[in-house]
>>> print(open('query-v1.pdb').read())   # PDB, C-alpha atoms
ATOM      1  CA  MET A   1      15.764   8.688  -3.595
ATOM      2  CA  THR A   2      18.721   9.039  -1.322
ATOM      3  CA  ASP A   3      21.546   6.517  -1.228
ATOM      4  CA  GLY A   4      20.984   5.826   2.464
ATOM      5  CA  PRO A   5      17.965   4.428   4.250
ATOM      6  CA  LEU A   6      14.563   5.374   2.873
ATOM      7  CA  ARG A   7      12.814   8.065   4.917
ATOM      8  CA  ILE A   8       9.214   6.922   5.227
ATOM      9  CA  GLY A   9       6.101   8.781   6.351
ATOM     10  CA  VAL A  10       2.989   6.802   7.308
ATOM     11  CA  LEU A  11      -0.506   8.161   6.632
ATOM     12  CA  GLY A  12      -2.709   6.829   9.411
ATOM     13  CA  ALA A  13      -2.224   4.353  12.214
ATOM     14  CA  ALA A  14      -3.847   1.415  10.422
ATOM     15  CA  ARG A  15      -3.551  -2.150  11.707
ATOM     16  CA  ILE A  16      -2.040  -3.323   8.407
ATOM     17  CA  ALA A  17       0.888  -0.904   8.742
ATOM     18  CA  GLU A  18       2.782  -3.054  11.229
ATOM     19  CA  LEU A  19       3.040  -5.954   8.781
ATOM     20  CA  SER A  20       3.181  -3.938   5.575
ATOM     21  CA  ILE A  21       5.672  -1.188   6.402
ATOM     22  CA  VAL A  22       6.996  -1.274   9.982
ATOM     23  CA  GLY A  23       8.484  -4.780   9.785
ATOM     24  CA  PRO A  24       9.879  -4.435   6.261
ATOM     25  CA  ALA A  25      11.316  -0.980   7.013
ATOM     26  CA  ARG A  26      13.123  -2.297  10.067
ATOM     27  CA  ALA A  27      14.377  -5.372   8.184
ATOM     28  CA  GLY A  28      15.717  -3.148   5.394
ATOM     29  CA  GLY A  29      17.352  -0.626   7.705
ATOM     30  CA  HIS A  30      15.007   2.202   6.680
ATOM     31  CA  ARG A  31      13.654   5.049   8.828
ATOM     32  CA  LEU A  32      10.060   5.635   9.858
ATOM     33  CA  VAL A  33      10.322   9.409  10.013
ATOM     34  CA  ALA A  34       6.735  10.435  10.738
ATOM     35  CA  VAL A  35       3.173   9.254  11.184
ATOM     36  CA  ALA A  36      -0.058  11.238  10.992
ATOM     37  CA  ALA A  37      -3.582  10.134  11.892
ATOM     38  CA  ARG A  38      -7.017  11.712  12.162
ATOM     39  CA  ASP A  39      -6.662  11.218  15.918
ATOM     40  CA  ARG A  40      -3.315  12.533  17.173
ATOM     41  CA  GLY A  41      -3.497  10.191  20.168
ATOM     42  CA  ARG A  42      -3.605   7.167  17.835
ATOM     43  CA  ALA A  43      -0.625   8.549  15.930
ATOM     44  CA  GLU A  44       1.310   9.038  19.170
ATOM     45  CA  THR A  45       0.507   5.497  20.314
ATOM     46  CA  PHE A  46       1.534   4.116  16.910
ATOM     47  CA  ALA A  47       4.778   6.117  16.938
ATOM     48  CA  ALA A  48       5.683   4.926  20.432
ATOM     49  CA  ALA A  49       4.856   1.287  19.654
ATOM     50  CA  HIS A  50       6.755   1.179  16.362
ATOM     51  CA  GLY A  51       9.694   3.523  16.792
ATOM     52  CA  VAL A  52       8.434   6.260  14.488
ATOM     53  CA  GLU A  53      10.575   9.353  14.998
ATOM     54  CA  ARG A  54       7.780  11.938  15.232
ATOM     55  CA  VAL A  55       4.079  12.646  14.840
ATOM     56  CA  ALA A  56       2.888  15.048  12.151
ATOM     57  CA  GLY A  57      -0.142  17.228  12.801
ATOM     58  CA  SER A  58      -1.968  16.178   9.626
ATOM     59  CA  TYR A  59      -1.632  14.104   6.476
ATOM     60  CA  ALA A  60      -0.819  17.280   4.521
ATOM     61  CA  GLU A  61       1.890  18.248   7.020
ATOM     62  CA  LEU A  62       3.460  14.787   6.745
ATOM     63  CA  ILE A  63       3.490  14.942   2.932
ATOM     64  CA  ALA A  64       4.977  18.457   2.981
ATOM     65  CA  ASP A  65       7.775  17.382   5.337
ATOM     66  CA  PRO A  66      11.036  17.648   3.346
ATOM     67  CA  GLU A  67      12.547  14.784   5.317
ATOM     68  CA  VAL A  68       9.823  12.352   4.153
ATOM     69  CA  GLU A  69      10.730  10.946   0.750
ATOM     70  CA  VAL A  70       8.372   7.942   0.677
ATOM     71  CA  VAL A  71       4.722   8.020   1.710
ATOM     72  CA  TYR A  72       3.012   4.799   2.777
ATOM     73  CA  ASN A  73      -0.788   5.042   2.418
ATOM     74  CA  PRO A  74      -2.844   2.482   4.387
ATOM     75  CA  LEU A  75      -5.927   4.700   4.736
ATOM     76  CA  ALA A  76      -9.460   3.511   3.938
ATOM     77  CA  ASN A  77      -9.846   2.615   0.246
ATOM     78  CA  GLY A  78     -11.827   5.737  -0.599
ATOM     79  CA  LEU A  79      -8.957   7.894   0.670
ATOM     80  CA  HIS A  80      -6.221   6.179  -1.335
ATOM     81  CA  ALA A  81      -6.515   8.119  -4.605
ATOM     82  CA  PRO A  82      -6.919  11.588  -3.065
ATOM     83  CA  TRP A  83      -3.884  11.225  -0.798
ATOM     84  CA  ASN A  84      -1.851   9.330  -3.408
ATOM     85  CA  LEU A  85      -2.398  12.323  -5.700
ATOM     86  CA  VAL A  86      -1.305  14.814  -3.034
ATOM     87  CA  ALA A  87       1.839  12.799  -2.311
ATOM     88  CA  LEU A  88       2.708  12.339  -5.993
ATOM     89  CA  GLN A  89       2.132  16.026  -6.725
ATOM     90  CA  ALA A  90       4.525  16.795  -3.862
ATOM     91  CA  GLY A  91       7.173  14.685  -5.590
ATOM     92  CA  LYS A  92       7.051  11.835  -3.074
ATOM     93  CA  HIS A  93       7.452   8.148  -3.827
ATOM     94  CA  VAL A  94       4.295   6.258  -2.828
ATOM     95  CA  LEU A  95       3.566   2.771  -1.554
ATOM     96  CA  THR A  96      -0.199   2.520  -1.281
ATOM     97  CA  GLU A  97      -2.332  -0.251  -0.004
ATOM     98  CA  LYS A  98      -4.643  -1.722  -2.568
ATOM     99  CA  PRO A  99      -6.699  -0.602  -4.305
ATOM    100  CA  SER A 100      -4.792   2.512  -5.332
ATOM    101  CA  ALA A 101      -8.062   4.153  -6.356
ATOM    102  CA  SER A 102     -11.822   3.662  -5.987
ATOM    103  CA  ASN A 103     -12.671   3.497  -9.687
ATOM    104  CA  ALA A 104     -11.202   3.620 -13.202
ATOM    105  CA  GLY A 105     -11.308   7.421 -13.408
ATOM    106  CA  GLU A 106      -9.361   7.842 -10.190
ATOM    107  CA  ALA A 107      -6.920   5.113 -11.241
ATOM    108  CA  ALA A 108      -6.201   6.912 -14.510
ATOM    109  CA  GLU A 109      -5.666  10.195 -12.657
ATOM    110  CA  VAL A 110      -3.269   8.558 -10.181
ATOM    111  CA  GLY A 111      -1.413   6.830 -13.025
ATOM    112  CA  GLU A 112      -1.000  10.124 -14.882
ATOM    113  CA  ALA A 113       0.212  11.866 -11.713
ATOM    114  CA  ALA A 114       2.753   9.106 -11.069
ATOM    115  CA  ALA A 115       4.080   9.330 -14.632
ATOM    116  CA  LYS A 116       4.314  13.112 -14.410
ATOM    117  CA  ALA A 117       6.032  13.021 -10.984
ATOM    118  CA  GLY A 118       8.684  10.596 -12.165
ATOM    119  CA  THR A 119       8.640   8.917  -8.780
ATOM    120  CA  VAL A 120       8.077   5.304  -7.785
ATOM    121  CA  PHE A 121       4.425   4.413  -7.285
ATOM    122  CA  MET A 122       3.456   0.922  -6.105
ATOM    123  CA  GLU A 123       0.362  -0.826  -4.853
ATOM    124  CA  GLY A 124       0.878  -3.116  -1.860
ATOM    125  CA  PHE A 125       0.458  -6.406  -3.681
ATOM    126  CA  HIS A 126       3.305  -7.914  -1.689
ATOM    127  CA  TYR A 127       2.749 -11.451  -2.963
ATOM    128  CA  LEU A 128       4.412 -10.417  -6.258
ATOM    129  CA  PHE A 129       7.784 -10.417  -4.508
ATOM    130  CA  HIS A 130       7.388 -13.793  -2.821
ATOM    131  CA  PRO A 131       9.818 -16.418  -4.162
ATOM    132  CA  VAL A 132       6.933 -18.799  -4.980
ATOM    133  CA  THR A 133       5.227 -16.178  -7.128
ATOM    134  CA  ARG A 134       8.465 -15.299  -8.882
ATOM    135  CA  ARG A 135       9.094 -18.984  -9.619
ATOM    136  CA  LEU A 136       5.550 -19.383 -10.935
ATOM    137  CA  HIS A 137       6.115 -16.480 -13.337
ATOM    138  CA  GLU A 138       9.401 -18.038 -14.480
ATOM    139  CA  LEU A 139       7.633 -21.332 -15.195
ATOM    140  CA  LEU A 140       4.862 -19.599 -17.117
ATOM    141  CA  GLU A 141       7.306 -17.544 -19.181
ATOM    142  CA  SER A 142       9.550 -20.513 -19.973
ATOM    143  CA  GLY A 143       6.714 -22.714 -21.256
ATOM    144  CA  GLU A 144       8.276 -25.592 -19.321
ATOM    145  CA  LEU A 145       4.844 -26.785 -18.212
ATOM    146  CA  GLY A 146       3.168 -26.140 -21.553
ATOM    147  CA  ASP A 147       0.544 -23.583 -22.466
ATOM    148  CA  LEU A 148      -1.548 -21.974 -19.760
ATOM    149  CA  ARG A 149      -5.124 -23.164 -20.338
ATOM    150  CA  HIS A 150      -7.040 -22.436 -17.148
ATOM    151  CA  VAL A 151      -6.531 -20.420 -13.996
ATOM    152  CA  GLU A 152      -8.519 -20.260 -10.771
ATOM    153  CA  ALA A 153      -7.713 -18.028  -7.846
ATOM    154  CA  VAL A 154      -9.113 -18.246  -4.341
ATOM    155  CA  VAL A 155      -8.442 -15.919  -1.437
ATOM    156  CA  ALA A 156      -9.810 -17.224   1.826
ATOM    157  CA  MET A 157      -9.681 -15.596   5.221
ATOM    158  CA  PRO A 158     -12.194 -14.811   7.944
ATOM    159  CA  ALA A 159     -14.505 -11.951   7.029
ATOM    160  CA  PRO A 160     -14.117  -8.760   9.028
ATOM    161  CA  PRO A 161     -16.945  -7.800  11.398
ATOM    162  CA  ASP A 162     -19.963  -6.117   9.806
ATOM    163  CA  SER A 163     -18.912  -2.803  11.397
ATOM    164  CA  ASP A 164     -15.429  -2.849   9.772
ATOM    165  CA  VAL A 165     -14.615   0.129   7.515
ATOM    166  CA  ARG A 166     -13.584  -2.350   4.808
ATOM    167  CA  TRP A 167     -17.302  -2.960   4.141
ATOM    168  CA  SER A 168     -18.155   0.743   3.761
ATOM    169  CA  LEU A 169     -19.362   1.417   0.216
ATOM    170  CA  PRO A 170     -18.887   5.220   0.544
ATOM    171  CA  LEU A 171     -15.231   4.486   1.382
ATOM    172  CA  ALA A 172     -14.873   2.101  -1.605
ATOM    173  CA  GLY A 173     -15.124  -0.976   0.563
ATOM    174  CA  GLY A 174     -16.591  -4.377  -0.151
ATOM    175  CA  ALA A 175     -15.392  -7.908  -0.769
ATOM    176  CA  LEU A 176     -13.891  -7.209  -4.198
ATOM    177  CA  MET A 177     -12.000  -4.095  -3.102
ATOM    178  CA  ASP A 178     -10.752  -5.683   0.139
ATOM    179  CA  LEU A 179      -9.664  -9.176  -0.899
ATOM    180  CA  GLY A 180     -11.087 -10.018  -4.300
ATOM    181  CA  CYS A 181      -8.659  -7.607  -5.903
ATOM    182  CA  TYR A 182      -5.829 -10.044  -5.061
ATOM    183  CA  SER A 183      -7.374 -12.722  -7.252
ATOM    184  CA  LEU A 184      -8.032 -10.271 -10.081
ATOM    185  CA  HIS A 185      -4.516  -8.862  -9.808
ATOM    186  CA  ALA A 186      -2.943 -12.320  -9.831
ATOM    187  CA  LEU A 187      -5.005 -13.402 -12.840
ATOM    188  CA  ARG A 188      -4.055 -10.316 -14.818
TER     189      ARG A 188
END
>>> encode(input="query-v1.pdb", output="structure tokens")
Amino acid sequence: MTDGPLRIGVLGAARIAELSIVGPARAGGHRLVAVAARDRGRAETFAAAHGVERVAGSYAELIADPEVEVVYNPLANGLHAPWNLVALQAGKHVLTEKPSASNAGEAAEVGEAAAKAGTVFMEGFHYLFHPVTRRLHELLESGELGDLRHVEAVVAMPAPPDSDVRWSLPLAGGALMDLGCYSLHALR
């Protein structure tokens, strides 16, 4: 990566992108270089609303752009692994929304590609960097509270509408892939 601001490309104009990459990029002084979406009009609207420098004609064009060094992938779950692979194979760093893949086979393939690329690959489990989570890990590691004997995890939020893409099984949707993965991730 460069010494200056990160140069970020955004795959898709997803709702989650504003909270997950636009705000943090601005706060960190990084650049949103490009955005691409299936619908160019959505990409243009997203770029105008969030100060993205330009619109790429396709996901592949965005990933091939030499100015983009980090790819943020908020696409539908079933599109995470395929586009994570393309970005990693292009030598890009990748921040992907969870889950990074639709199944164990895809996850292994993405993991191998990340190791081979020698770039940073992260899933968007942002809670890991929250001070409360870090303190919890410190307490667990120190043994200050004794041995861990039982853990329960609950994620509660209003369900998306029945028509939401997050429910689409062909796109690797469903309750576990959308929110349940947070509990599993935290427990692991």
>>> atom_distance(input="query-v1.pdb", atom1="CA of Glu44 (chain A)", atom2="CA of Leu32 (chain A)")
13.2 Å
>>> closest_residue(input="query-v1.pdb", among="A:Leu95, A:Ala81, A:Ala64, A:Leu140", to="Ala17 (chain A)", atoms="all atoms listed in the file")
A:Leu95
>>> residues_around(input="query-v1.pdb", residues="Tyr59 (chain A)", least_positions_apart="5", cutoff="9 Å", atoms="all atoms listed in the file", output="list in words")
Val10, Leu11, Gly12, Val35, Ala36, Ala37, Arg38, Ala64 and Trp83 of chain A
>>> resolve_selection(input="query-v1.pdb", expression="the PyMOL selection byres ((chain A and resi 72) around 8)", output="list in words")
Ile8, Gly9, Val10, Leu11, Ile21, Val70, Val71, Asn73, Pro74, Val94, Leu95, Thr96 and Glu97 of chain A
>>> atom_distance(input="query-v1.pdb", atom1="CA of Glu69 (chain A)", atom2="CA of Lys92 (chain A)")
5.4 Å
>>> atom_distance(input="query-v1.pdb", atom1="CA of Ala186 (chain A)", atom2="CA of Phe129 (chain A)")
12.1 Å
>>> closest_residue(input="query-v1.pdb", among="A:His93, A:Arg149, A:His185, A:Arg166", to="His126 (chain A)", atoms="all atoms listed in the file")
A:His185
>>> residues_near_point(input="query-v1.pdb", point="(6.9, -25.4, -11.7)", cutoff="7 Å", atoms="only C-alpha atoms", output="VMD selection string")
chain A and resid 136 139 145
>>> closest_residue(input="query-v1.pdb", among="A:Ala49, A:Val22, A:Ile63, A:Leu88", to="Val120 (chain A)", atoms="all atoms listed in the file")
A:Leu88
>>> closest_residue(input="query-v1.pdb", among="A:Leu79, A:Glu106, A:Pro99, A:Val132", to="Leu179 (chain A)", atoms="all atoms listed in the file")
A:Pro99
>>> closest_residue(input="query-v1.pdb", among="A:Gly51, A:Tyr182, A:Gly173, A:Val155", to="Tyr127 (chain A)", atoms="all atoms listed in the file")
A:Tyr182
>>> resolve_selection(input="query-v1.pdb", expression="the PyMOL selection byres ((chain A and resi 157) around 12)", output="PDB file with C-alpha atoms, in the coordinates of the input")
ATOM      1  CA  VAL A 154      -9.113 -18.246  -4.341  1.00  0.00           C
ATOM      2  CA  VAL A 155      -8.442 -15.919  -1.437  1.00  0.00           C
ATOM      3  CA  ALA A 156      -9.810 -17.224   1.826  1.00  0.00           C
ATOM      4  CA  PRO A 158     -12.194 -14.811   7.944  1.00  0.00           C
ATOM      5  CA  ALA A 159     -14.505 -11.951   7.029  1.00  0.00           C
ATOM      6  CA  PRO A 160     -14.117  -8.760   9.028  1.00  0.00           C
ATOM      7  CA  ALA A 175     -15.392  -7.908  -0.769  1.00  0.00           C
ATOM      8  CA  ASP A 178     -10.752  -5.683   0.139  1.00  0.00           C
ATOM      9  CA  LEU A 179      -9.664  -9.176  -0.899  1.00  0.00           C
ATOM     10  CA  GLY A 180     -11.087 -10.018  -4.300  1.00  0.00           C
TER      11      GLY A 180
END
